[in-house]
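This is query-v5.pdb (PDB, C-alpha atoms).
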ATOM      1  CA  MET J1460      56.279 162.399  43.210
ATOM      2  CA  ASN J1461      54.292 159.402  44.403
ATOM      3  CA  ARG J1462      55.592 156.098  45.784
ATOM      4  CA  LYS J1463      55.812 154.339  42.396
ATOM      5  CA  GLU J1464      57.777 157.207  40.874
ATOM      6  CA  LEU J1465      60.089 157.288  43.892
ATOM      7  CA  VAL J1466      60.738 153.535  43.675
ATOM      8  CA  ASP J1467      61.457 153.824  39.928
ATOM      9  CA  ALA J1468      63.869 156.729  40.502
ATOM     10  CA  ILE J1469      65.740 154.861  43.256
ATOM     11  CA  GLN J1470      65.880 151.722  41.092
ATOM     12  CA  LYS J1471      67.445 153.638  38.190
ATOM     13  CA  HIS J1472      69.924 155.363  40.490
ATOM     14  CA  THR J1473      71.080 152.282  42.404
ATOM     15  CA  LEU J1474      70.582 149.522  39.790
ATOM     16  CA  VAL J1475      68.845 147.376  42.428
ATOM     17  CA  ALA J1476      65.776 145.325  41.471
ATOM     18  CA  ARG J1477      62.528 147.316  41.600
ATOM     19  CA  THR J1478      60.836 144.784  43.908
ATOM     20  CA  ASP J1479      63.727 144.993  46.374
ATOM     21  CA  VAL J1480      63.585 148.797  46.416
ATOM     22  CA  ASP J1481      59.822 148.658  47.014
ATOM     23  CA  LYS J1482      60.277 146.189  49.906
ATOM     24  CA  VAL J1483      62.945 148.355  51.554
ATOM     25  CA  LEU J1484      60.858 151.524  51.192
ATOM     26  CA  GLY J1485      57.790 149.744  52.613
ATOM     27  CA  SER J1486      59.819 148.432  55.535
ATOM     28  CA  LEU J1487      61.202 151.923  56.238
ATOM     29  CA  ILE J1488      57.685 153.368  56.342
ATOM     30  CA  GLN J1489      56.330 150.582  58.567
ATOM     31  CA  HIS J1490      59.186 150.739  61.073
ATOM     32  CA  THR J1491      58.925 154.523  61.233
ATOM     33  CA  GLN J1492      55.173 154.348  61.908
ATOM     34  CA  VAL J1493      55.550 151.729  64.648
ATOM     35  CA  ALA J1494      58.375 153.619  66.363
ATOM     36  CA  VAL J1495      56.532 156.965  66.278
ATOM     37  CA  LYS J1496      53.341 155.313  67.567
ATOM     38  CA  LYS J1497      55.301 154.027  70.589
ATOM     39  CA  GLY J1498      56.578 157.528  71.220
ATOM     40  CA  ASP J1499      60.104 156.918  69.926
ATOM     41  CA  ARG J1500      61.931 159.383  67.768
ATOM     42  CA  VAL J1501      63.289 158.405  64.330
ATOM     43  CA  SER J1502      66.167 160.622  63.191
ATOM     44  CA  LEU J1503      67.667 160.395  59.724
ATOM     45  CA  VAL J1504      70.705 162.669  59.691
ATOM     46  CA  GLY J1505      70.558 165.145  56.824
ATOM     47  CA  PHE J1506      66.908 164.329  56.135
ATOM     48  CA  GLY J1507      64.828 164.930  59.242
ATOM     49  CA  THR J1508      63.204 163.651  62.416
ATOM     50  CA  PHE J1509      59.879 161.885  62.866
ATOM     51  CA  GLU J1510      58.300 162.065  66.329
ATOM     52  CA  ARG J1511      54.947 161.926  68.120
ATOM     53  CA  GLN J1512      53.382 165.086  69.471
ATOM     54  CA  ASP J1513      50.727 164.898  72.180
ATOM     55  CA  ARG J1514      47.991 167.506  71.988
ATOM     56  CA  LYS J1515      45.939 168.289  75.087
ATOM     57  CA  ALA J1516      42.159 168.616  75.133
ATOM     58  CA  ARG J1517      41.060 172.147  74.312
ATOM     59  CA  THR J1518      38.132 174.335  73.402
ATOM     60  CA  ALA J1519      38.085 175.671  69.844
ATOM     61  CA  ARG J1520      35.623 177.849  67.932
ATOM     62  CA  ASN J1521      33.534 176.946  64.925
ATOM     63  CA  PRO J1522      34.616 179.413  62.193
ATOM     64  CA  ARG J1523      31.082 179.788  60.734
ATOM     65  CA  SER J1524      28.990 180.236  63.832
ATOM     66  CA  GLY J1525      31.639 181.182  66.382
ATOM     67  CA  ALA J1526      30.233 178.574  68.799
ATOM     68  CA  PRO J1527      32.712 176.878  71.140
ATOM     69  CA  VAL J1528      33.640 173.289  70.246
ATOM     70  CA  LYS J1529      35.392 170.800  72.523
ATOM     71  CA  VAL J1530      38.398 169.026  70.930
ATOM     72  CA  LYS J1531      39.628 165.792  72.524
ATOM     73  CA  ALA J1532      43.254 165.085  73.395
ATOM     74  CA  THR J1533      45.083 163.393  70.533
ATOM     75  CA  LYS J1534      48.476 162.226  69.325
ATOM     76  CA  VAL J1535      49.771 163.383  65.931
ATOM     77  CA  PRO J1536      52.940 162.624  63.982
ATOM     78  CA  ARG J1537      55.387 165.448  63.464
ATOM     79  CA  PHE J1538      58.244 165.792  60.978
ATOM     80  CA  ARG J1539      61.035 168.293  61.329
ATOM     81  CA  ALA J1540      63.373 168.639  58.366
ATOM     82  CA  GLY J1541      67.081 168.295  59.054
ATOM     83  CA  GLN J1542      69.515 171.149  58.438
ATOM     84  CA  GLY J1543      70.915 169.574  55.256
ATOM     85  CA  PHE J1544      67.411 169.185  53.826
ATOM     86  CA  LYS J1545      66.534 172.782  54.719
ATOM     87  CA  ASP J1546      69.712 174.095  53.075
ATOM     88  CA  VAL J1547      69.048 172.234  49.805
ATOM     89  CA  VAL J1548      65.453 173.485  49.629
ATOM     90  CA  ALA J1549      66.481 177.073  50.466
ATOM     91  CA  GLY J1550      69.225 177.012  47.815
ATOM     92  CA  LYS J1551      72.076 177.455  50.305
ATOM     93  CA  ALA J1552      73.511 174.045  49.390
ATOM     94  CA  THR J1553      73.671 172.231  46.076
ATOM     95  CA  ALA J1554      71.271 169.372  45.483
ATOM     96  CA  PRO J1555      72.858 165.938  45.172
ATOM     97  CA  LYS J1556      73.407 164.670  41.618
ATOM     98  CA  LEU J1557      71.141 161.792  40.678
ATOM     99  CA  SER J1558      73.279 160.113  38.032
ATOM    100  CA  PRO J1559      73.005 156.319  37.746
ATOM    101  CA  VAL J1560      75.688 154.308  39.467
ATOM    102  CA  LYS J1561      78.110 152.695  37.019
ATOM    103  CA  SER J1562      78.818 149.096  37.871
ATOM    104  CA  THR J1563      82.046 147.400  36.791
ATOM    105  CA  ALA J1564      80.939 144.083  38.254
ATOM    106  CA  LYS J1565      78.352 143.601  35.502
ATOM    107  CA  ALA J1566      80.893 144.056  32.696
ATOM    108  CA  THR J1567      83.261 141.493  34.227
ATOM    109  CA  THR J1568      80.410 139.052  34.791
ATOM    110  CA  ALA J1569      79.192 139.502  31.214
ATOM    111  CA  LYS J1570      82.623 138.602  29.798
ATOM    112  CA  ALA J1571      82.821 135.466  31.954
ATOM    113  CA  THR J1572      79.285 134.465  30.979
ATOM    114  CA  THR J1573      80.090 134.877  27.275
ATOM    115  CA  ALA J1574      83.152 132.648  27.604
ATOM    116  CA  LYS J1575      81.120 129.968  29.394
ATOM    117  CA  ALA J1576      78.336 130.153  26.791
ATOM    118  CA  THR J1577      80.828 129.706  23.921
ATOM    119  CA  THR J1578      82.304 126.615  25.567
ATOM    120  CA  ALA J1579      78.824 125.212  26.215
ATOM    121  CA  LYS J1580      77.808 125.734  22.559
ATOM    122  CA  ALA J1581      80.848 123.800  21.297
ATOM    123  CA  THR J1582      80.157 120.922  23.684
ATOM    124  CA  THR J1583      76.471 120.871  22.711
ATOM    125  CA  ALA J1584      77.336 120.777  18.996
ATOM    126  CA  LYS J1585      79.530 117.697  19.488
ATOM    127  CA  ALA J1586      76.855 115.910  21.521
ATOM    128  CA  THR J1587      74.167 116.766  18.975
ATOM    129  CA  THR J1588      76.198 115.288  16.119
ATOM    130  CA  ALA J1589      76.678 112.016  18.022
ATOM    131  CA  ARG J1590      72.986 111.780  18.906
ATOM    132  CA  ALA J1591      71.852 112.539  15.353
ATOM    133  CA  ALA J1592      73.535 109.429  13.979
ATOM    134  CA  SER J1593      71.951 107.095  16.547
ATOM    135  CA  THR J1594      68.446 108.565  16.399
ATOM    136  CA  SER J1595      67.965 108.905  12.644
ATOM    137  CA  LYS J1596      66.007 105.609  12.484
ATOM    138  CA  ALA J1597      63.638 106.723  15.232
ATOM    139  CA  THR J1598      63.114 110.033  13.464
ATOM    140  CA  VAL J1599      62.147 108.286  10.210
ATOM    141  CA  SER J1600      59.549 106.153  11.999
ATOM    142  CA  ARG J1601      58.124 109.245  13.748
ATOM    143  CA  ALA J1602      57.886 111.074  10.429
ATOM    144  CA  THR J1603      56.005 108.137   8.859
ATOM    145  CA  THR J1604      53.560 108.113  11.779
ATOM    146  CA  SER J1605      53.001 111.855  11.515
ATOM    147  CA  LYS J1606      52.345 111.573   7.760
ATOM    148  CA  ALA J1607      49.677 108.929   8.403
ATOM    149  CA  SER J1608      47.981 111.032  11.065
ATOM    150  CA  THR J1609      48.087 114.059   8.743
ATOM    151  CA  ALA J1610      46.397 112.029   6.014
ATOM    152  CA  ARG J1611      43.649 110.977   8.446
ATOM    153  CA  ALA J1612      43.108 114.591   9.518
ATOM    154  CA  SER J1613      42.887 115.813   5.906
ATOM    155  CA  THR J1614      40.351 113.063   5.104
ATOM    156  CA  ALA J1615      38.230 114.160   8.055
ATOM    157  CA  LYS J1616      38.430 117.788   6.924
ATOM    158  CA  ALA J1617      37.384 116.855   3.384
ATOM    159  CA  SER J1618      34.316 114.917   4.562
ATOM    160  CA  THR J1619      33.325 117.809   6.848
ATOM    161  CA  SER J1620      33.651 120.326   4.018
ATOM    162  CA  LYS J1621      31.552 118.108   1.667
ATOM    163  CA  ALA J1622      28.753 117.960   4.239
ATOM    164  CA  ALA J1623      28.922 121.706   4.728
ATOM    165  CA  SER J1624      28.737 122.336   0.966
ATOM    166  CA  ARG J1625      25.675 120.049   0.687
ATOM    167  CA  ASN J1626      23.903 122.033   3.418
ATOM    168  CA  SER J1627      24.770 125.387   1.893
ATOM    169  CA  ALA J1628      23.838 124.455  -1.694
ATOM    170  CA  PRO J1629      20.031 124.805  -1.272
ATOM    171  CA  LYS J1630      20.477 128.238   0.336
ATOM    172  CA  SER J1631      22.577 129.561  -2.522
ATOM    173  CA  THR J1632      20.182 128.078  -5.110
ATOM    174  CA  ALA J1633      17.222 129.735  -3.391
ATOM    175  CA  LYS J1634      19.030 133.073  -3.290
ATOM    176  CA  ALA J1635      19.903 132.825  -6.975
ATOM    177  CA  ALA J1636      16.313 131.982  -7.917
ATOM    178  CA  SER J1637      14.918 134.902  -5.935
ATOM    179  CA  SER J1638      17.387 137.303  -7.506
ATOM    180  CA  ARG J1639      16.443 136.061 -11.007
ATOM    181  CA  GLY J1640      12.814 136.646 -10.206
ATOM    182  CA  LYS J1641      13.514 140.199  -9.124
ATOM    183  CA  ALA J1642      15.529 140.846 -12.276
ATOM    184  CA  LYS J1643      12.744 139.561 -14.536
ATOM    185  CA  SER J1644      10.043 141.589 -12.766
ATOM    186  CA  GLY J1645      12.142 144.729 -13.126
ATOM    187  CA  LYS J1646      12.304 144.407 -16.982
ATOM    188  CA  LYS J1647       9.816 146.215 -19.226
ATOM    189  CA  LYS J1648       7.425 143.991 -21.186
TER     190      LYS J1648
END
Show me this structure written as structure tokens.
Amino acid sequence: MNRKELVDAIQKHTLVARTDVDKVLGSLIQHTQVAVKKGDRVSLVGFGTFERQDRKARTARNPRSGAPVKVKATKVPRFRAGQGFKDVVAGKATAPKLSPVKSTAKATTAKATTAKATTAKATTAKATTARAASTSKATVSRATTSKASTARASTAKASTSKAASRNSAPKSTAKAASSRGKAKSGKKK
């Protein structure tokens, strides 16, 4: 499971927005890294403990040649699983069920929203009827203007198409003449 899959699974389980889950997971990772870098220990009960381990400088051996190799001192992160985590993995304890959380708040909110929307529709219908009577004259003048502009546009289209047909006429005539010539030469005399 990668990060995207984990975020999607948590989002489905908790019904929290995906972006919020991603932000929280990113923050958890960042704070854990900073704390472990400082040398602090981050313990999540039931999950595990993150801590820094200091390794001393040592001499190791190259596995191919057997030659000694010097290894510098370093700091590495270490994770130890908690007892609850170990028990679930080993099968000693049952894994938690990952069923989605049922929310009753959404159902209540949906009913209230529907009631508000119905009231708003009735109010809007009344206002629309009143406006329609006062604006019918303006609508007629707009329609007349749009008809005139449509007529101008269709006239422009017609003149463009006439010019295009004039330009294409010689090409089609030439093609027809050449095809007639081929047909005549193909006949037996």
Open item on the list: For a test of reading the model, state the distance in Å between atom CA of J:Val1530 and atom CA of J:Lys1496, rounded to one decimal.
Closed with: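 Interatomic distance here is 20.6 Å.
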Task: atom CA of J:Asp1481 to atom CA of J:Lys1545, straight-line distance in Å - done: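 So the answer is 26.2 Å.
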TODO: May I ask for the distance between atom CA of J:Ala1476 and atom CA of J:Val1504, given in Å to one decimal place?
DONE: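 Pair atom CA of J:Ala1476 / atom CA of J:Val1504 returns 25.6 Å.
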- [ ] For J:Gln1542, work out the shell of residues within 12 Å, counting all atoms listed in the file and skipping chain neighbours fewer than 5 positions away, then give it as number ranges by chain.
- [x] J: 1503-1508, 1547-1549, 1551-1552
Task: Within 12 Å of J:Lys1531 using only C-alpha atoms, minus same-chain residues under 4 positions, as a count of residues only - done: 7
